[in-house]
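So this block is work14.csv, CSV, C-alpha atoms:
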```csv
chain,number,residue,atom,x,y,z
T,250,MET,CA,0.0,0.0,0.0
T,251,LEU,CA,1.3,3.4,-1.0
T,252,ILE,CA,0.4,6.3,1.3
T,253,GLY,CA,-0.1,9.9,0.0
T,254,ARG,CA,-1.1,13.0,1.8
T,255,PHE,CA,-3.5,15.9,1.4
T,256,GLY,CA,-2.2,19.5,1.6
T,257,ARG,CA,-3.4,21.1,4.9
T,258,THR,CA,-4.5,24.3,3.2
T,259,SER,CA,-4.9,23.4,-0.5
T,260,HIS,CA,-6.4,20.0,0.2
T,261,ARG,CA,-4.6,18.8,-2.9
T,262,PRO,CA,-3.6,15.1,-3.0
T,263,TYR,CA,0.2,14.5,-3.2
T,264,ILE,CA,2.3,11.4,-3.4
T,265,ALA,CA,6.1,11.2,-3.3
T,266,GLY,CA,8.3,9.2,-5.6
T,267,ARG,CA,11.7,9.2,-7.1
T,268,LEU,CA,12.3,10.3,-10.7
T,269,PHE,CA,15.1,9.1,-12.9
T,270,LEU,CA,16.0,10.6,-16.3
T,271,PRO,CA,18.6,8.1,-17.3
T,272,ARG,CA,19.8,9.9,-20.5
T,273,LEU,CA,20.6,13.0,-18.5
T,274,ASN,CA,21.8,11.2,-15.3
T,275,VAL,CA,19.2,13.1,-13.3
T,276,ALA,CA,17.6,11.6,-10.2
T,277,GLY,CA,15.6,13.0,-7.3
T,278,ASP,CA,12.6,12.9,-5.2
T,279,ILE,CA,9.4,14.7,-6.1
T,280,SER,CA,6.1,15.3,-4.3
T,281,PHE,CA,3.7,14.8,-7.2
T,282,LEU,CA,0.2,16.2,-7.4
T,283,LEU,CA,-2.2,13.4,-8.4
T,284,ASP,CA,-4.1,14.6,-11.4
T,285,THR,CA,-6.6,12.3,-13.0
T,286,GLY,CA,-7.1,14.9,-15.7
T,287,ALA,CA,-3.6,14.7,-16.9
T,288,ASP,CA,-3.1,12.2,-19.7
T,289,SER,CA,0.5,11.8,-18.7
T,290,SER,CA,2.9,12.8,-16.0
T,291,ILE,CA,4.8,16.1,-16.3
T,292,ILE,CA,7.8,17.6,-14.6
T,293,MET,CA,7.3,21.2,-13.8
T,294,PRO,CA,10.0,23.9,-13.6
T,295,VAL,CA,10.2,23.9,-9.8
T,296,ASP,CA,11.4,20.3,-9.8
T,297,GLY,CA,13.3,20.6,-13.1
T,298,ARG,CA,15.5,23.4,-11.8
T,299,ARG,CA,15.9,21.8,-8.3
T,300,LEU,CA,17.1,18.5,-9.9
T,301,GLY,CA,19.5,20.3,-12.2
T,302,ILE,CA,17.9,19.4,-15.5
T,303,GLN,CA,19.8,21.0,-18.3
T,304,TYR,CA,17.0,22.3,-20.4
T,305,ASP,CA,19.2,22.9,-23.4
T,306,GLN,CA,19.9,19.1,-23.5
T,307,LEU,CA,16.3,18.0,-23.5
T,308,GLN,CA,14.8,16.3,-26.5
T,309,GLY,CA,11.4,15.6,-27.9
T,310,ASP,CA,8.6,18.0,-28.8
T,311,ARG,CA,5.0,17.7,-27.5
T,312,GLU,CA,2.3,20.3,-27.0
T,313,CYS,CA,0.7,20.1,-23.6
T,314,GLY,CA,-2.7,21.7,-23.2
T,315,GLY,CA,-4.3,23.0,-20.0
T,316,ILE,CA,-6.7,25.7,-18.8
T,317,GLY,CA,-4.0,28.3,-19.5
T,318,GLY,CA,-3.5,27.3,-23.1
T,319,THR,CA,-0.8,25.2,-24.8
T,320,VAL,CA,2.8,24.9,-23.7
T,321,HIS,CA,5.8,23.2,-25.2
T,322,CYS,CA,7.1,20.1,-23.4
T,323,TYR,CA,10.1,18.0,-24.0
T,324,VAL,CA,9.8,14.2,-23.8
T,325,GLU,CA,12.3,12.0,-22.0
T,326,ARG,CA,12.5,8.4,-21.0
T,327,ALA,CA,11.9,8.2,-17.2
T,328,VAL,CA,11.7,5.7,-14.4
T,329,LEU,CA,9.4,6.6,-11.6
T,330,VAL,CA,9.6,4.7,-8.3
T,331,PHE,CA,7.1,4.6,-5.4
T,332,ASN,CA,7.6,2.8,-2.1
T,333,ASP,CA,5.5,0.9,0.3
T,334,PRO,CA,8.1,1.5,3.1
T,335,GLY,CA,10.0,-1.6,4.1
T,336,VAL,CA,7.8,-3.8,1.9
T,337,GLU,CA,8.0,-3.1,-1.8
T,338,LEU,CA,9.1,-0.7,-4.5
T,339,TYR,CA,7.1,-0.2,-7.6
T,340,ALA,CA,8.9,1.1,-10.7
T,341,TYR,CA,7.4,2.5,-13.9
T,342,ASP,CA,9.4,2.9,-17.2
T,343,LEU,CA,7.7,5.6,-19.3
T,344,GLU,CA,8.0,8.7,-21.4
T,345,ILE,CA,7.5,11.8,-19.3
T,346,ASP,CA,6.9,15.3,-20.3
T,347,VAL,CA,9.2,18.0,-19.0
T,348,MET,CA,7.6,21.5,-19.3
T,349,GLN,CA,9.8,24.1,-20.8
T,350,TYR,CA,11.1,26.6,-18.3
T,351,ASP,CA,8.6,29.4,-17.5
T,352,PRO,CA,9.1,31.5,-14.4
T,353,GLU,CA,5.4,32.1,-14.1
T,354,MET,CA,4.9,28.4,-13.5
T,355,GLU,CA,7.5,28.1,-10.8
T,356,ASP,CA,5.0,27.4,-8.0
T,357,VAL,CA,3.1,24.7,-9.8
T,358,PRO,CA,3.8,21.2,-8.7
T,359,SER,CA,4.8,18.3,-11.0
T,360,LEU,CA,1.8,16.1,-12.0
T,361,LEU,CA,1.3,12.4,-11.7
T,362,GLY,CA,-1.0,11.6,-14.6
T,363,ARG,CA,-3.0,8.6,-15.8
T,364,ASP,CA,0.0,6.9,-17.4
T,365,VAL,CA,0.7,5.8,-13.8
T,366,ILE,CA,-2.6,6.4,-12.0
T,367,ASP,CA,-4.5,4.0,-14.3
T,368,ARG,CA,-2.4,1.2,-12.9
T,369,TRP,CA,-3.5,2.0,-9.4
T,370,ARG,CA,-6.6,1.6,-7.2
T,371,ILE,CA,-6.8,4.7,-5.2
T,372,THR,CA,-8.7,5.4,-2.0
T,373,TYR,CA,-9.4,9.1,-1.9
T,374,ASP,CA,-10.7,10.0,1.5
T,375,PRO,CA,-9.5,13.4,2.8
T,376,GLN,CA,-11.9,13.3,5.7
T,377,GLY,CA,-11.3,9.7,6.6
T,378,VAL,CA,-8.5,7.3,6.0
T,379,GLY,CA,-6.6,9.7,3.7
T,380,LEU,CA,-4.9,8.9,0.4
T,381,LYS,CA,-4.1,5.2,-0.1
T,382,VAL,CA,-3.0,3.4,-3.2
T,383,LYS,CA,-3.2,-0.3,-4.0
T,384,VAL,CA,-0.8,-1.0,-6.9
T,385,ARG,CA,-2.5,-3.1,-9.6
T,386,SER,CA,0.6,-3.3,-11.8
T,387,ALA,CA,4.1,-2.0,-12.2
T,388,ASP,CA,6.9,-2.5,-14.7
T,389,ARG,CA,9.1,-3.9,-12.0
T,390,ILE,CA,8.4,-4.7,-8.4
T,391,PHE,CA,11.2,-5.0,-5.8
T,392,ASP,CA,10.6,-7.0,-2.6
T,393,LEU,CA,12.3,-5.1,0.2
T,394,ARG,CA,11.7,-7.9,2.7
T,395,SER,CA,14.2,-10.3,1.3
T,396,ALA,CA,17.6,-10.4,2.9
O,102,MET,CA,27.8,7.8,-18.3
O,103,ASN,CA,24.7,7.8,-20.5
O,104,LYS,CA,22.2,5.3,-19.2
O,105,SER,CA,19.6,5.7,-21.9
O,106,ASN,CA,19.3,2.0,-22.5
O,107,ALA,CA,19.9,0.8,-19.0
O,108,THR,CA,17.5,-1.5,-17.3
O,109,ILE,CA,15.3,-0.4,-14.4
O,110,GLU,CA,17.6,-2.4,-12.0
O,111,GLU,CA,20.7,-0.6,-13.3
O,112,ILE,CA,19.0,2.8,-13.1
O,113,ILE,CA,17.6,2.7,-9.6
O,114,GLY,CA,20.6,1.2,-7.8
O,115,ASP,CA,20.1,-0.3,-4.3
O,116,PRO,CA,16.3,-0.6,-3.7
O,117,LYS,CA,16.6,-0.6,0.1
O,118,GLN,CA,18.7,2.5,0.1
O,119,LEU,CA,16.2,4.2,-2.2
O,120,ASP,CA,13.4,3.2,0.2
O,121,VAL,CA,15.2,4.7,3.2
O,122,GLU,CA,15.9,8.0,1.3
O,123,LEU,CA,12.3,8.2,0.0
O,124,GLN,CA,10.9,7.7,3.5
O,125,ALA,CA,13.0,10.6,4.7
O,126,PHE,CA,11.7,12.8,1.8
O,127,GLN,CA,8.1,11.8,2.6
O,128,LYS,CA,8.6,12.8,6.3
O,129,ASP,CA,10.0,16.2,5.2
O,130,SER,CA,7.0,16.7,2.8
O,131,ILE,CA,4.6,16.1,5.6
O,132,ILE,CA,6.1,19.1,7.5
O,133,LEU,CA,4.6,21.3,4.8
O,134,SER,CA,1.2,20.2,6.0
O,135,SER,CA,1.7,19.7,9.7
O,136,ARG,CA,3.5,23.1,10.2
O,137,ARG,CA,1.5,25.0,7.7
O,138,VAL,CA,0.2,27.7,10.1
O,139,SER,CA,3.6,28.5,11.6
O,140,LEU,CA,5.3,28.4,8.2
O,141,ILE,CA,2.8,30.9,6.8
O,142,ALA,CA,3.5,33.2,9.8
O,143,LYS,CA,7.2,32.9,9.6
O,144,TYR,CA,7.9,32.7,5.8
O,145,PRO,CA,5.1,34.6,4.0
O,146,LYS,CA,5.6,34.7,0.3
O,147,ARG,CA,9.0,33.1,0.6
O,148,TRP,CA,10.5,29.9,-0.7
O,149,ILE,CA,11.7,27.4,1.9
O,150,ALA,CA,13.8,24.3,1.8
O,151,VAL,CA,13.0,21.5,4.2
O,152,TYR,CA,15.6,18.7,4.8
O,153,ASP,CA,16.1,16.3,7.7
O,154,GLY,CA,13.0,17.6,9.6
O,155,ASP,CA,13.7,21.3,9.5
O,156,VAL,CA,13.5,24.4,7.4
O,157,LYS,CA,17.2,24.8,6.4
O,158,THR,CA,17.0,28.0,4.4
O,159,ASP,CA,14.5,30.5,2.9
O,160,ALA,CA,14.6,33.1,0.1
O,161,ARG,CA,12.5,35.5,-1.9
O,162,SER,CA,13.1,33.6,-5.2
O,163,LEU,CA,13.5,30.0,-6.3
O,164,ARG,CA,16.9,31.0,-7.9
O,165,GLN,CA,18.2,32.3,-4.6
O,166,LEU,CA,16.8,29.3,-2.6
O,167,LEU,CA,18.7,26.9,-4.9
O,168,ALA,CA,21.8,28.9,-4.5
O,169,ASN,CA,21.4,28.8,-0.7
O,170,ILE,CA,20.9,25.0,-0.8
O,171,ASP,CA,24.1,24.6,-2.8
O,172,THR,CA,26.0,26.8,-0.4
O,173,LEU,CA,24.8,24.7,2.5
O,174,GLY,CA,25.9,21.6,0.8
O,175,LEU,CA,22.4,20.0,0.9
O,176,PRO,CA,21.5,17.4,-1.6
O,177,ARG,CA,19.0,19.1,-4.0
O,178,GLU,CA,17.6,15.8,-5.1
O,179,ARG,CA,16.3,15.1,-1.6
O,180,VAL,CA,15.3,18.6,-0.4
O,181,VAL,CA,11.6,19.6,-0.3
O,182,ILE,CA,11.1,23.1,-1.6
O,183,ARG,CA,7.9,25.1,-1.6
O,184,LEU,CA,6.6,28.7,-2.0
O,185,ILE,CA,4.8,29.6,1.2
O,186,ASP,CA,1.8,31.7,0.2
O,187,ARG,CA,-1.5,32.1,2.1
O,188,ASN,CA,-3.2,32.9,-1.2
O,189,LEU,CA,-2.8,29.7,-3.2
O,190,ARG,CA,-3.0,29.8,-6.9
O,191,ARG,CA,-6.3,28.1,-7.9
O,192,MET,CA,-5.2,25.3,-10.2
O,193,ILE,CA,-7.4,23.7,-12.9
O,194,LEU,CA,-4.9,21.5,-14.6
```

Here is the file; what I need is its structure written in the form of structure tokens.
Amino acid sequence: MLIGRFGRTSHRPYIAGRLFLPRLNVAGDISFLLDTGADSSIIMPVDGRRLGIQYDQLQGDRECGGIGGTVHCYVERAVLVFNDPGVELYAYDLEIDVMQYDPEMEDVPSLLGRDVIDRWRITYDPQGVGLKVKVRSADRIFDLRSA
Amino acid sequence: MNKSNATIEEIIGDPKQLDVELQAFQKDSIILSSRRVSLIAKYPKRWIAVYDGDVKTDARSLRQLLANIDTLGLPRERVVIRLIDRNLRRMIL
């Protein structure tokens, strides 16, 4: 079971995971906003800059649409890892969008979209048990209980 | 070394170490919620960096915060950063 959290003020649902961009040798932890309206996951500038992504080395070209219009995104192979502490790791090998740098979007969190969410069964209960995830499938599962 | 074609196992390294580090990041993330009221009072409209259970530095801009993190020698990849703002941007994504 994965455990997420709800923001105290925003009430937004977050879940933490580790991002790897192997071509760029970038790795780091991200608190993702769960977004069932997002077709795919996207790394926003706040995390891109923190993790030291070299934007001039990014590849791929995709238009990402939202309420504010369309923005340019790069596309990179990524591995996302989520943990059931002390029990299992769940890894997803996918293509992720990296939004081009825009200072106006610095306070917007990275999004975990349906490319991952569709493989989960989520209990969304901010007034009760909280945010819990039962993983239906992953590209690779690591058992942490083995010696 | 370019790891474009590496396997998941090669990319993530030691799973148990990753689990331990991710648990620490999750605990630091929870501080943003559990200490929200005091953070708003102390750091209004400022960026903060949380690591190892405490706010380690703050700044008026993301650029300055990242510079502070580097100066302190903190691992960017495991630091939680957030803009503390009472008036949250309404997001429809």

>> What's around Ile109 in chain O at 12 Å? Count all atoms listed in the file, leave out sequence neighbours fewer than 5 positions away in its own chain, and write the answer as a PyMOL selection string.
In response: (chain T and resi 268-271+326-330+338-343+387-391) or (chain O and resi 104+114-116)

Atoms to include: C-alpha atoms. Write the selected residues as a PDB file, in the coordinates of the input.
```
ATOM      1  CA  LEU T 268      12.300  10.300 -10.700  1.00  0.00           C
ATOM      2  CA  PHE T 269      15.100   9.100 -12.900  1.00  0.00           C
ATOM      3  CA  LEU T 270      16.000  10.600 -16.300  1.00  0.00           C
ATOM      4  CA  PRO T 271      18.600   8.100 -17.300  1.00  0.00           C
ATOM      5  CA  ARG T 326      12.500   8.400 -21.000  1.00  0.00           C
ATOM      6  CA  ALA T 327      11.900   8.200 -17.200  1.00  0.00           C
ATOM      7  CA  VAL T 328      11.700   5.700 -14.400  1.00  0.00           C
ATOM      8  CA  LEU T 329       9.400   6.600 -11.600  1.00  0.00           C
ATOM      9  CA  VAL T 330       9.600   4.700  -8.300  1.00  0.00           C
ATOM     10  CA  LEU T 338       9.100  -0.700  -4.500  1.00  0.00           C
ATOM     11  CA  TYR T 339       7.100  -0.200  -7.600  1.00  0.00           C
ATOM     12  CA  ALA T 340       8.900   1.100 -10.700  1.00  0.00           C
ATOM     13  CA  TYR T 341       7.400   2.500 -13.900  1.00  0.00           C
ATOM     14  CA  ASP T 342       9.400   2.900 -17.200  1.00  0.00           C
ATOM     15  CA  LEU T 343       7.700   5.600 -19.300  1.00  0.00           C
ATOM     16  CA  ALA T 387       4.100  -2.000 -12.200  1.00  0.00           C
ATOM     17  CA  ASP T 388       6.900  -2.500 -14.700  1.00  0.00           C
ATOM     18  CA  ARG T 389       9.100  -3.900 -12.000  1.00  0.00           C
ATOM     19  CA  ILE T 390       8.400  -4.700  -8.400  1.00  0.00           C
ATOM     20  CA  PHE T 391      11.200  -5.000  -5.800  1.00  0.00           C
TER      21      PHE T 391
ATOM     22  CA  LYS O 104      22.200   5.300 -19.200  1.00  0.00           C
ATOM     23  CA  GLY O 114      20.600   1.200  -7.800  1.00  0.00           C
ATOM     24  CA  ASP O 115      20.100  -0.300  -4.300  1.00  0.00           C
ATOM     25  CA  PRO O 116      16.300  -0.600  -3.700  1.00  0.00           C
TER      26      PRO O 116
END
```

> Do you know which residues are at most 6 Å from range 146-161 of chain O counting all atoms listed in the file, after dropping those on the same chain fewer than 6 positions away, and could you put them as a list in words?
Replying inline: Asp129, Val180, Val181, Ile182, Arg183, Leu184, Ile185 and Asp186 of chain O

Residues of the last selection are to be written out with C-alpha atoms, as a CSV table (one decimal), in the frame of the given file.
```
chain,number,residue,atom,x,y,z
O,129,ASP,CA,10.0,16.2,5.2
O,180,VAL,CA,15.3,18.6,-0.4
O,181,VAL,CA,11.6,19.6,-0.3
O,182,ILE,CA,11.1,23.1,-1.6
O,183,ARG,CA,7.9,25.1,-1.6
O,184,LEU,CA,6.6,28.7,-2.0
O,185,ILE,CA,4.8,29.6,1.2
O,186,ASP,CA,1.8,31.7,0.2
```

> Any idea which chain T residues end up within 8 Å of chain O if we count all atoms listed in the file, as an MDAnalysis selection string please?
Replying inline: chainID T and resid 254:259 265:267 269 271:274 276:280 284 286:287 295 299:300 315:316 326 328 332 334:335 338 340 342 355:356 389 391 393

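Distances from T:Ile345, T:Cys322, T:Ile291, T:Ile252 to Tyr304 in chain T were compared using all atoms listed in the file, and the smallest one belongs to T:Cys322.
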
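Atom pair CA of Ile366 in chain T / CA of Met250 in chain T has a distance of 13.8 Å (rounded to one decimal).
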
>> If I take CA of Leu140 in chain O and CA of Tyr350 in chain T, how far is one from the other in Å, to one decimal?
In response: 27.2 Å
